[in-house]
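**Q** File name target_26.tsv; file contents TSV, C-alpha atoms; full text below.
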chain	number	residue	atom	x	y	z
A	643	MET	CA	18.88	31.75	54.25
A	644	HIS	CA	16.75	29.84	51.74
A	645	ILE	CA	16.74	26.04	52.03
A	646	ASN	CA	18.22	25.86	48.53
A	647	ASP	CA	21.34	27.47	49.98
A	648	LEU	CA	21.90	24.47	52.25
A	649	ASP	CA	24.40	21.82	51.23
A	650	THR	CA	23.21	18.21	51.01
A	651	PRO	CA	22.54	15.79	52.48
A	652	THR	CA	21.20	17.75	55.42
A	653	LEU	CA	18.55	17.08	58.05
A	654	ILE	CA	15.80	19.67	58.30
A	655	ALA	CA	12.76	20.06	60.54
A	656	ASP	CA	9.47	21.67	59.57
A	657	LEU	CA	8.97	23.99	62.55
A	658	ASP	CA	5.26	24.46	61.94
A	659	VAL	CA	4.68	20.70	62.18
A	660	LEU	CA	7.03	20.39	65.15
A	661	GLU	CA	5.19	23.06	67.12
A	662	ARG	CA	1.82	21.54	66.21
A	663	ASN	CA	2.91	18.08	67.36
A	664	ILE	CA	4.24	19.41	70.68
A	665	SER	CA	1.14	21.45	71.48
A	666	GLY	CA	-1.12	18.63	70.27
A	667	MET	CA	0.27	16.10	72.74
A	668	ALA	CA	0.29	18.63	75.59
A	669	ASN	CA	-3.37	19.43	74.94
A	670	HIS	CA	-4.26	15.75	74.58
A	671	CYS	CA	-2.75	14.87	77.96
A	672	SER	CA	-4.37	17.87	79.58
A	673	GLU	CA	-7.79	16.93	78.22
A	674	ILE	CA	-7.64	13.35	79.51
A	675	GLY	CA	-6.09	14.41	82.82
A	676	ILE	CA	-2.69	12.69	82.77
A	677	PRO	CA	0.55	14.62	83.38
A	678	LEU	CA	3.03	14.32	80.50
A	679	ARG	CA	6.73	13.62	81.02
A	680	ALA	CA	8.03	13.97	77.47
A	681	HIS	CA	10.60	11.46	76.26
A	682	THR	CA	13.55	13.03	74.44
A	683	LYS	CA	15.26	9.95	72.98
A	684	THR	CA	13.63	10.54	69.59
A	685	HIS	CA	15.10	14.01	69.02
A	686	LYS	CA	17.98	14.38	71.53
A	687	VAL	CA	17.88	18.17	71.07
A	688	PRO	CA	17.85	20.32	74.25
A	689	GLU	CA	16.05	23.18	72.50
A	690	ILE	CA	13.20	20.85	71.52
A	691	ALA	CA	13.07	19.47	75.06
A	692	LYS	CA	12.66	23.02	76.34
A	693	LEU	CA	9.77	23.55	73.91
A	694	GLN	CA	8.13	20.44	75.38
A	695	VAL	CA	8.58	21.70	78.93
A	696	ASP	CA	7.30	25.14	77.98
A	697	ALA	CA	4.20	23.45	76.51
A	698	GLY	CA	3.45	21.79	79.84
A	699	SER	CA	5.59	18.66	80.20
A	700	GLN	CA	6.51	18.07	83.86
A	701	GLY	CA	10.18	17.53	83.21
A	702	ILE	CA	11.52	15.07	80.66
A	703	THR	CA	12.56	11.46	80.18
A	704	CYS	CA	16.03	10.44	78.93
A	705	GLN	CA	16.74	6.84	78.04
A	706	LYS	CA	20.47	6.93	78.76
A	707	LEU	CA	22.66	8.71	81.29
A	708	GLY	CA	24.59	10.47	78.52
A	709	GLU	CA	21.40	12.02	77.18
A	710	ALA	CA	20.49	13.22	80.67
A	711	GLU	CA	23.91	14.85	81.09
A	712	VAL	CA	23.37	16.79	77.87
A	713	MET	CA	19.95	17.98	79.00
A	714	VAL	CA	21.18	19.03	82.46
A	715	ASP	CA	24.06	20.93	80.83
A	716	ALA	CA	21.38	22.78	78.86
A	717	GLY	CA	19.54	23.79	82.04
A	718	ILE	CA	16.77	21.16	82.27
A	719	ASP	CA	16.57	20.04	85.88
A	720	ASP	CA	13.79	17.41	86.21
A	721	ILE	CA	14.62	14.11	84.49
A	722	LEU	CA	13.52	10.49	84.72
A	723	ILE	CA	15.97	7.86	83.46
A	724	PRO	CA	13.88	4.68	82.96
A	725	TYR	CA	16.94	2.46	82.61
A	726	ASN	CA	19.04	0.21	84.83
A	727	ILE	CA	22.28	2.04	85.62
A	728	VAL	CA	25.02	-0.51	86.24
A	729	GLY	CA	28.77	-0.18	86.80
A	730	LYS	CA	30.91	2.11	88.92
A	731	HIS	CA	31.77	4.55	86.16
A	732	LYS	CA	28.11	5.20	85.32
A	733	LEU	CA	27.16	5.33	89.00
A	734	GLN	CA	29.75	8.03	89.66
A	735	ARG	CA	28.36	10.03	86.75
A	736	LEU	CA	24.86	9.51	88.16
A	737	THR	CA	25.73	10.89	91.58
A	738	ASP	CA	27.46	13.86	89.94
A	739	LEU	CA	24.26	14.52	87.99
A	740	VAL	CA	22.01	14.16	91.05
A	741	LYS	CA	23.92	16.98	92.70
A	742	ARG	CA	22.96	19.27	89.81
A	743	ALA	CA	19.34	18.34	89.07
A	744	LYS	CA	16.34	16.28	90.16
A	745	ILE	CA	17.04	12.83	88.72
A	746	ILE	CA	14.86	9.74	89.15
A	747	VAL	CA	16.12	6.35	88.00
A	748	ALA	CA	14.43	3.00	87.40
A	749	LEU	CA	15.72	-0.41	88.46
A	750	ASP	CA	14.51	-4.00	88.44
A	751	SER	CA	16.96	-5.95	90.61
A	752	GLU	CA	18.52	-5.95	94.05
A	753	GLU	CA	21.97	-5.88	92.42
A	754	THR	CA	21.23	-2.65	90.57
A	755	ALA	CA	19.66	-1.11	93.69
A	756	LYS	CA	22.70	-2.00	95.81
A	757	GLY	CA	25.05	-0.41	93.29
A	758	ILE	CA	23.08	2.83	93.34
A	759	SER	CA	22.82	2.75	97.14
A	760	HIS	CA	26.52	2.19	97.71
A	761	GLN	CA	27.64	4.92	95.31
A	762	ALA	CA	25.07	7.43	96.55
A	763	THR	CA	26.05	6.79	100.16
A	764	ALA	CA	29.75	7.13	99.35
A	765	ASP	CA	29.14	10.39	97.49
A	766	GLY	CA	26.80	11.87	100.07
A	767	CYS	CA	23.59	12.07	98.09
A	768	VAL	CA	20.16	10.45	97.93
A	769	ILE	CA	18.74	9.20	94.62
A	770	PRO	CA	15.00	8.77	94.01
A	771	VAL	CA	14.27	5.36	92.45
A	772	ILE	CA	11.31	3.47	91.01
A	773	VAL	CA	10.89	-0.23	90.25
A	774	GLU	CA	10.16	-1.25	86.69
A	775	LEU	CA	7.35	-3.75	86.13
A	776	ASP	CA	7.23	-6.12	83.17
A	777	THR	CA	3.56	-6.00	82.31
A	778	GLY	CA	4.02	-7.61	78.91
A	779	SER	CA	6.88	-5.99	77.00
A	780	ARG	CA	9.31	-8.81	77.85
A	781	ARG	CA	12.17	-6.36	78.14
A	782	CYS	CA	13.28	-5.22	81.58
A	783	GLY	CA	11.16	-5.31	84.70
A	784	VAL	CA	10.10	-7.62	87.52
A	785	GLY	CA	7.63	-10.27	86.46
A	786	SER	CA	4.95	-10.22	89.16
A	787	PRO	CA	3.44	-8.00	91.88
A	788	GLN	CA	5.00	-10.30	94.47
A	789	ASP	CA	8.47	-9.87	92.94
A	790	ALA	CA	7.97	-6.12	92.85
A	791	HIS	CA	6.92	-6.14	96.51
A	792	ARG	CA	9.93	-8.20	97.58
A	793	LEU	CA	12.30	-5.91	95.73
A	794	ALA	CA	10.66	-2.77	97.12
A	795	GLN	CA	10.94	-4.14	100.66
A	796	LYS	CA	14.69	-4.43	100.19
A	797	VAL	CA	15.12	-1.07	98.46
A	798	VAL	CA	13.31	0.95	101.15
A	799	GLU	CA	15.82	-0.35	103.69
A	800	MET	CA	18.84	0.80	101.67
A	801	GLN	CA	20.75	3.99	102.36
A	802	GLY	CA	21.25	6.58	99.66
A	803	VAL	CA	18.01	5.81	97.81
A	804	ASP	CA	14.52	7.23	98.13
A	805	PHE	CA	11.87	4.79	96.95
A	806	GLN	CA	9.16	6.59	94.96
A	807	GLY	CA	7.05	4.01	93.12
A	808	VAL	CA	6.88	2.02	89.89
A	809	MET	CA	6.92	2.30	86.10
A	810	THR	CA	5.82	0.22	83.14
A	811	TYR	CA	6.13	0.20	79.36
A	812	PRO	CA	4.12	0.25	77.26
A	813	SER	CA	0.93	1.25	79.04
A	814	ASN	CA	-2.01	-0.98	78.19
A	815	VAL	CA	-5.30	-1.74	79.89
A	816	ASN	CA	-4.32	-5.38	80.43
A	817	ALA	CA	-1.66	-4.18	82.87
A	818	LYS	CA	-4.23	-2.76	85.28
A	819	PRO	CA	-4.54	-5.86	87.52
A	820	PHE	CA	-0.74	-6.18	87.74
A	821	ILE	CA	-0.31	-2.53	88.73
A	822	SER	CA	-3.29	-2.49	91.10
A	823	GLU	CA	-2.09	-5.57	92.97
A	824	THR	CA	1.44	-4.18	93.18
A	825	VAL	CA	0.23	-0.86	94.58
A	826	ASP	CA	-2.02	-2.64	97.09
A	827	LEU	CA	0.89	-4.78	98.33
A	828	PHE	CA	3.10	-1.73	98.69
A	829	ARG	CA	0.57	0.36	100.57
A	830	LYS	CA	-0.42	-2.43	102.94
A	831	ASP	CA	3.25	-2.66	103.84
A	832	GLY	CA	3.63	1.10	104.23
A	833	ILE	CA	5.78	1.44	101.10
A	834	PRO	CA	5.22	4.78	99.33
A	835	VAL	CA	3.82	4.91	95.80
A	836	ASN	CA	4.25	8.53	94.77
A	837	ILE	CA	4.95	7.74	91.12
A	838	ILE	CA	3.25	5.32	88.74
A	839	SER	CA	4.89	6.07	85.41
A	840	GLY	CA	3.38	4.76	82.18
A	841	GLY	CA	4.72	5.17	78.69
A	842	GLY	CA	4.43	4.96	74.94
A	843	THR	CA	3.16	7.42	72.35
A	844	GLY	CA	-0.49	6.64	71.76
A	845	SER	CA	-0.99	5.03	75.16
A	846	GLU	CA	-1.75	8.19	77.14
A	847	ALA	CA	-5.40	7.22	77.72
A	848	ALA	CA	-4.29	3.75	78.81
A	849	SER	CA	-1.87	5.32	81.29
A	850	LYS	CA	-4.76	7.28	82.74
A	851	GLU	CA	-7.02	4.20	82.92
A	852	ILE	CA	-4.51	1.98	84.71
A	853	GLY	CA	-3.86	4.61	87.37
A	854	CYS	CA	-0.58	6.18	86.28
A	855	THR	CA	0.48	9.52	87.71
A	856	GLU	CA	2.35	10.42	84.50
A	857	THR	CA	2.83	9.20	80.95
A	858	ARG	CA	6.06	9.13	78.96
A	859	SER	CA	5.54	9.89	75.27
A	860	GLY	CA	8.29	10.80	72.82
A	861	SER	CA	8.00	9.77	69.18
A	862	TYR	CA	5.00	12.08	68.72
A	863	VAL	CA	7.43	14.99	68.40
A	864	TYR	CA	8.58	13.81	64.97
A	865	GLU	CA	5.80	11.41	64.01
A	866	GLY	CA	2.63	13.07	65.24
A	867	MET	CA	0.02	11.44	67.44
A	868	THR	CA	-0.12	8.16	65.52
A	869	ARG	CA	2.71	5.67	65.44
A	870	ILE	CA	4.24	5.03	62.03
A	871	GLY	CA	3.66	1.46	60.88
A	872	ASN	CA	4.79	1.70	57.26
A	873	SER	CA	6.01	4.10	54.61
A	874	GLU	CA	2.48	4.86	53.43
A	875	MET	CA	1.94	6.83	56.65
A	876	LEU	CA	4.86	9.20	56.03
A	877	SER	CA	2.86	12.38	55.64
A	878	HIS	CA	4.37	15.87	55.52
A	879	GLU	CA	1.42	17.01	57.66
A	880	ARG	CA	2.42	14.87	60.65
A	881	CYS	CA	6.13	14.09	60.16
A	882	VAL	CA	8.64	16.78	61.11
A	883	LEU	CA	11.90	15.60	59.55
A	884	ARG	CA	13.08	15.72	55.98
A	885	VAL	CA	16.47	14.84	54.57
A	886	LEU	CA	17.35	17.25	51.82
A	887	VAL	CA	19.30	15.34	49.15
A	888	THR	CA	20.68	15.87	45.66
A	889	VAL	CA	20.39	13.63	42.61
A	890	VAL	CA	24.01	12.76	41.75
A	891	SER	CA	23.42	10.22	39.00
A	892	THR	CA	20.71	9.17	36.51
A	893	PRO	CA	22.24	5.92	35.21
A	894	THR	CA	19.01	4.60	33.63
A	895	PRO	CA	15.56	6.04	32.89
A	896	ASP	CA	14.14	3.92	35.71
A	897	ARG	CA	16.78	4.58	38.38
A	898	ILE	CA	18.41	7.57	40.02
A	899	ILE	CA	21.04	7.85	42.76
A	900	ILE	CA	20.85	10.39	45.60
A	901	ASP	CA	23.69	11.56	47.85
A	902	GLY	CA	22.29	9.96	51.00
A	903	GLY	CA	22.75	6.30	51.89
A	904	GLN	CA	23.13	4.21	55.01
A	905	LYS	CA	25.18	6.89	56.76
A	906	THR	CA	22.47	9.47	56.11
A	907	PHE	CA	19.32	7.40	56.61
A	908	ALA	CA	18.65	4.59	59.03
A	909	SER	CA	18.03	1.67	56.65
A	910	TYR	CA	15.12	0.60	58.77
A	911	PRO	CA	12.70	-1.98	57.30
A	912	PRO	CA	10.36	-2.17	55.52
A	913	THR	CA	11.21	-0.55	52.20
A	914	PRO	CA	10.92	2.01	50.77
A	915	TYR	CA	13.26	3.72	53.21
A	916	GLY	CA	11.49	7.05	52.99
A	917	HIS	CA	8.86	9.15	51.29
A	918	ILE	CA	10.00	11.57	48.59
A	919	ILE	CA	7.65	14.52	49.02
A	920	GLU	CA	8.02	16.00	45.52
A	921	HIS	CA	7.57	12.63	43.77
A	922	PRO	CA	5.60	10.14	45.89
A	923	ASP	CA	5.82	7.45	43.20
A	924	ALA	CA	9.62	7.36	43.46
A	925	LYS	CA	10.76	4.60	45.84
A	926	ILE	CA	14.05	4.37	47.76
A	927	TYR	CA	14.42	0.61	47.36
A	928	GLY	CA	18.01	0.20	48.48
A	929	MET	CA	21.05	1.87	49.98
A	930	SER	CA	24.78	1.48	49.89
A	931	VAL	CA	26.99	3.32	52.34
A	932	GLU	CA	26.78	6.77	50.73
A	933	HIS	CA	24.28	6.24	47.91
A	934	GLY	CA	20.50	6.01	47.91
A	935	HIS	CA	19.05	3.84	45.13
A	936	VAL	CA	15.72	5.16	43.87
A	937	ASP	CA	13.26	3.42	41.56
A	938	VAL	CA	11.60	6.10	39.40
A	939	SER	CA	9.95	3.75	36.90
A	940	GLU	CA	6.47	4.88	37.94
A	941	CYS	CA	7.28	8.60	37.65
A	942	SER	CA	6.44	10.70	34.60
A	943	HIS	CA	8.99	13.29	35.73
A	944	ARG	CA	12.38	13.21	34.01
A	945	PHE	CA	15.00	13.52	36.77
A	946	ARG	CA	18.24	15.38	36.21
A	947	VAL	CA	21.62	15.49	37.95
A	948	GLY	CA	21.68	18.31	40.49
A	949	GLU	CA	17.97	18.17	41.26
A	950	ARG	CA	17.15	18.42	44.98
A	951	LEU	CA	14.60	16.25	46.75
A	952	SER	CA	13.03	16.22	50.24
A	953	VAL	CA	12.75	12.80	51.87
A	954	ILE	CA	10.81	11.94	55.02
A	955	PRO	CA	12.86	9.10	56.57
A	956	LEU	CA	11.02	5.94	57.54
A	957	HIS	CA	12.44	5.99	61.09
A	958	GLN	CA	12.94	9.61	62.01
A	959	GLY	CA	14.46	9.06	65.46
A	960	MET	CA	17.15	6.67	64.23
A	961	THR	CA	17.93	8.86	61.24
A	962	SER	CA	18.38	11.97	63.40
A	963	ASN	CA	20.89	10.07	65.53
A	964	LEU	CA	23.18	9.95	62.48
A	965	HIS	CA	23.41	13.74	62.16
A	966	ASP	CA	25.19	16.44	64.15
A	967	GLU	CA	22.85	19.27	63.24
A	968	LEU	CA	19.14	19.84	62.73
A	969	VAL	CA	18.12	22.80	60.58
A	970	GLY	CA	14.77	24.32	61.50
A	971	VAL	CA	12.84	25.73	58.55
A	972	ARG	CA	9.57	27.54	58.18
A	973	GLY	CA	8.32	27.30	54.64
A	974	HIS	CA	11.47	27.62	52.55
A	975	THR	CA	13.29	29.87	55.01
A	976	VAL	CA	15.97	28.65	57.42
A	977	GLU	CA	15.00	29.94	60.86
A	978	THR	CA	17.39	28.15	63.23
A	979	LYS	CA	20.07	25.50	63.55
A	980	TRP	CA	20.25	23.15	66.52
A	981	GLN	CA	22.97	20.76	67.54
A	982	ILE	CA	21.67	17.21	68.09
A	983	ALA	CA	23.64	17.25	71.31
A	984	GLY	CA	22.45	13.87	72.58
A	985	ARG	CA	23.28	11.90	69.46
A	986	GLY	CA	25.51	8.92	70.07
A	987	LYS	CA	25.12	9.24	73.85
A	988	VAL	CA	24.52	5.53	74.39
A	989	LYS	CA	26.59	5.22	77.57
Mind converting the file's structure to structure tokens?

**A**
Amino acid sequence: MHINDLDTPTLIADLDVLERNISGMANHCSEIGIPLRAHTKTHKVPEIAKLQVDAGSQGITCQKLGEAEVMVDAGIDDILIPYNIVGKHKLQRLTDLVKRAKIIVALDSEETAKGISHQATADGCVIPVIVELDTGSRRCGVGSPQDAHRLAQKVVEMQGVDFQGVMTYPSNVNAKPFISETVDLFRKDGIPVNIISGGGTGSEAASKEIGCTETRSGSYVYEGMTRIGNSEMLSHERCVLRVLVTVVSTPTPDRIIIDGGQKTFASYPPTPYGHIIEHPDAKIYGMSVEHGHVDVSECSHRFRVGERLSVIPLHQGMTSNLHDELVGVRGHTVETKWQIAGRGKVK
């Protein structure tokens, strides 16, 4: 099938760029000597996760339990969930999953640890856990080495859990004293530190420097090795996704309307909301629910109704979460279609 045979709007992936991004990160981590545990929350596609594992990733990372369930259903059996799992319903799902695959979960409180312990004990399983450290992100995580030590002392005494170490996000060299002191406190007390998990695309070298045993990187799959900061960095040489759209209206010489709006693209600031490959001077300046509003005042091209355009979305991970299917293309030929099986799995 030729891409012109696809209906619009549709989400497509440049397979050549995808494969280059996956191998590039695998080689990068290998060269600096840090094991990669690829994060899948950006793409949520089991087939892409398998490509990451085949390239050398030691298992994967899933942000939510629902994503992990999708990946285990697809046959991936080594997963870190760096998220506090709270509530009986989720805990029952967790123990079901642990019986099918190697699952490690993060926690940052005694309450969360007790919940995991009680459910695991009741269901006859043991769940590997790590403690999250807040080394500057101000999100989740314990706030000091002493707090981490106190929590670890309690966790190692609990049934149904197997204490494995710590994690942080994002990895940065300023976190080294925090992590070093935490590890020293643990080891002096005989507490195992088998895992020190760092994270964040672009922070692989920092993970290595601060002593991590693995690094969690994910957005590189769609965005290349450099984090996107603005629309000017949306290059077809490093960005995998495109939304194929059709011009449905040309109401004025300076404005056109495309058939993709807020339900097709994540209207993620800043504007423009994407990069139109064929006409870089055209700017998606606004969106309504099903319409994309494009300023073409700086374009010499005369747009017509029915014309098709390829748009690199500003936030590729959030945009992909709006679509059921990802079409893999090589050149102008459709090579495969993948279900975005983890989309919407926020529970």

**Q** Neighbouring residues of Pro834 (chain A) were defined as those with any atom within 10 Å, considering all atoms listed in the file; residues of the same chain fewer than 2 positions away were excluded. Please report them as a list in words.

**A**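 Counting only the stated atoms, we get Ala794, Val798, Asp804, Phe805, Gln806, Gly807, Val808, Val825, Phe828, Arg829, Lys830, Asp831, Gly832, Asn836 and Ile837 of chain A.
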
**Q** Counting all atoms listed in the file, which residues of region 817-852 of chain A fall within 12 Å of region 711-724 of chain A, and what is the closest atom pair for each with its distance in Å at one decimal, ordered by chain and rising number, as a Markdown table?

**A**
| residue | atom | partner | partner_atom | distance |
| --- | --- | --- | --- | --- |
| A:Ile837 | CA | A:Leu722 | CA | 11.0 |
| A:Ser839 | CA | A:Pro724 | CA | 9.4 |
| A:Gly840 | CA | A:Pro724 | CA | 10.5 |
| A:Gly841 | CA | A:Pro724 | CA | 10.1 |

**Q** In Å, how far is it from CA of Ile926 (chain A) to CA of Asn963 (chain A)?

**A**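 CA of Ile926 (chain A) sits 19.9 Å away from CA of Asn963 (chain A).
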
**Q** Give the padded box for region 807-810 of chain A as AutoDock Vina command-line options: axis-aligned, covering all atoms listed in the file, 8 Å on each side, centre and edge lengths in Å to one decimal.

**A**
--center_x 6.4 --center_y 2.1 --center_z 88.1 --size_x 17.2 --size_y 19.8 --size_z 26.0

**Q** For Leu827 (chain A), which residue among A:Pro812, A:Gly766, A:Pro787, A:Gly729 is the nearest when counting only C-alpha atoms?

**A**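 The shortest atom-to-atom distance to Leu827 (chain A) comes from A:Pro787.
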
**Q** Which residues of region 867-966 of chain A come within 10 Å of region 671-688 of chain A, and for each one, what is the closest pair of atoms and their distance in Å to one decimal, counting only C-alpha atoms, sorted by chain and residue number, as CSV?

**A**
residue,atom,partner,partner_atom,distance
A:His957,CA,A:Thr684,CA,9.7
A:Gln958,CA,A:Thr684,CA,7.7
A:Gly959,CA,A:Thr684,CA,4.5
A:Met960,CA,A:Thr684,CA,7.5
A:Thr961,CA,A:Thr684,CA,9.5
A:Ser962,CA,A:His685,CA,6.8
A:Asn963,CA,A:His685,CA,7.8

**Q** Restricting the output to C-alpha atoms, write the selected residues as an mmCIF file, keeping the file's coordinate frame.

**A**
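The result, stored in selection-v1.cif:
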data_model
loop_
_atom_site.group_PDB
_atom_site.id
_atom_site.type_symbol
_atom_site.label_atom_id
_atom_site.label_comp_id
_atom_site.auth_asym_id
_atom_site.auth_seq_id
_atom_site.Cartn_x
_atom_site.Cartn_y
_atom_site.Cartn_z
ATOM 1 C CA HIS A 957 12.440 5.990 61.090
ATOM 2 C CA GLN A 958 12.940 9.610 62.010
ATOM 3 C CA GLY A 959 14.460 9.060 65.460
ATOM 4 C CA MET A 960 17.150 6.670 64.230
ATOM 5 C CA THR A 961 17.930 8.860 61.240
ATOM 6 C CA SER A 962 18.380 11.970 63.400
ATOM 7 C CA ASN A 963 20.890 10.070 65.530
#

**Q** Can you measure CA of Asp901 (chain A) to CA of Thr888 (chain A) for me? One decimal in Å is fine.

**A**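 The value is 5.7 Å.
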
**Q** Which residues of region 786-899 of chain A come within 7 Å of region 650-664 of chain A, and what is each one's closest atom pair and distance in Å (one decimal), counting all atoms listed in the file, sorted by chain and residue number, as JSON lines?

**A**
{"residue": "A:Tyr862", "atom": "CA", "partner": "A:Asn663", "partner_atom": "CA", "distance": 6.5}
{"residue": "A:Val863", "atom": "CA", "partner": "A:Asn663", "partner_atom": "CA", "distance": 5.6}
{"residue": "A:Tyr864", "atom": "CA", "partner": "A:Leu660", "partner_atom": "CA", "distance": 6.8}
{"residue": "A:Gly866", "atom": "CA", "partner": "A:Asn663", "partner_atom": "CA", "distance": 5.4}
{"residue": "A:Glu879", "atom": "CA", "partner": "A:Val659", "partner_atom": "CA", "distance": 6.7}
{"residue": "A:Arg880", "atom": "CA", "partner": "A:Val659", "partner_atom": "CA", "distance": 6.4}
{"residue": "A:Val882", "atom": "CA", "partner": "A:Asp656", "partner_atom": "CA", "distance": 5.2}
{"residue": "A:Leu883", "atom": "CA", "partner": "A:Ala655", "partner_atom": "CA", "distance": 4.6}
{"residue": "A:Arg884", "atom": "CA", "partner": "A:Ile654", "partner_atom": "CA", "distance": 5.3}
{"residue": "A:Val885", "atom": "CA", "partner": "A:Leu653", "partner_atom": "CA", "distance": 4.6}
{"residue": "A:Leu886", "atom": "CA", "partner": "A:Thr652", "partner_atom": "CA", "distance": 5.3}
{"residue": "A:Val887", "atom": "CA", "partner": "A:Pro651", "partner_atom": "CA", "distance": 4.7}
{"residue": "A:Thr888", "atom": "CA", "partner": "A:Thr650", "partner_atom": "CA", "distance": 6.4}

**Q** For a quick check of understanding, using all atoms listed in the file, which of A:Ser952, A:Gly860, A:Asp966, A:Glu709 has the smallest distance to Leu739 (chain A)?

**A**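 Using all atoms listed in the file, the shortest distance to Leu739 (chain A) belongs to A:Glu709.
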
**Q** Give the answer as one residue: which of A:Thr777, A:Gln801, A:Ser877, A:Thr978 has the shortest atom-to-atom distance to Lys818 (chain A), using all atoms listed in the file?

**A**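 Closest to Lys818 (chain A), using all atoms listed in the file: A:Thr777.
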
**Q** So which one's closest to Val931 (chain A), A:Arg944, A:Lys905, A:Arg897, A:Arg950? Using all atoms listed in the file, please.

**A**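 With all atoms listed in the file as the atom set, the closest residue is A:Lys905.
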
**Q** Show me, as a ChimeraX atom specification, the residues that have an atom within 12 Å of Ala762 (chain A) when counting all atoms listed in the file, minus same-chain residues fewer than 3 positions from it.

**A** /A:730,732-741,755-759,765-771,800-804

**Q** Could you tell me how far CA of Trp980 (chain A) lies from CA of Leu968 (chain A), in Å and to one decimal?

**A**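 Computed distance, CA of Trp980 (chain A) to CA of Leu968 (chain A), equals 5.2 Å.
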
**Q** Under the rule that only C-alpha atoms are counted, which of A:Ile899, A:Ile954, A:Met643, A:Val835 is the nearest residue to Ile919 (chain A)?

**A**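 Among A:Ile899, A:Ile954, A:Met643, A:Val835, it is A:Ile954 that comes nearest to Ile919 (chain A).
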
**Q** Given the choices A:Tyr725, A:Ile690, A:Asn646, A:Tyr910, which gets closest to Lys706 (chain A) if the distance is worked out from all atoms listed in the file?

**A**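 When distances to Lys706 (chain A) are compared using all atoms listed in the file, the smallest one comes from A:Tyr725.
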
**Q** For region 780-786 of chain A, find every residue with an atom within 12 Å (counting only C-alpha atoms), except residues of its own chain fewer than 6 positions away, and show them as JSON, numbers by chain.

**A** {"A": [724, 725, 726, 748, 749, 750, 751, 752, 754, 772, 773, 774, 792, 793, 794, 808, 809, 810, 811, 812, 817, 819, 820, 821, 822, 823, 824, 825, 827]}

**Q** Would you kindly return, as a list in words, each protein, DNA or RNA residue with an atom no farther than 12 Å from any atom of region 892-896 of chain A, considering only C-alpha atoms and excluding same-chain residues fewer than 4 positions away?

**A**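 These residues fall inside the cut-off: Thr888, Ile900, Asp901, Asp923, Ala924, Lys925, Gly934, His935, Val936, Asp937, Val938, Ser939, Glu940, Cys941, Ser942, His943, Arg944, Phe945, Arg946, Val947, Gly948 and Glu949 of chain A.
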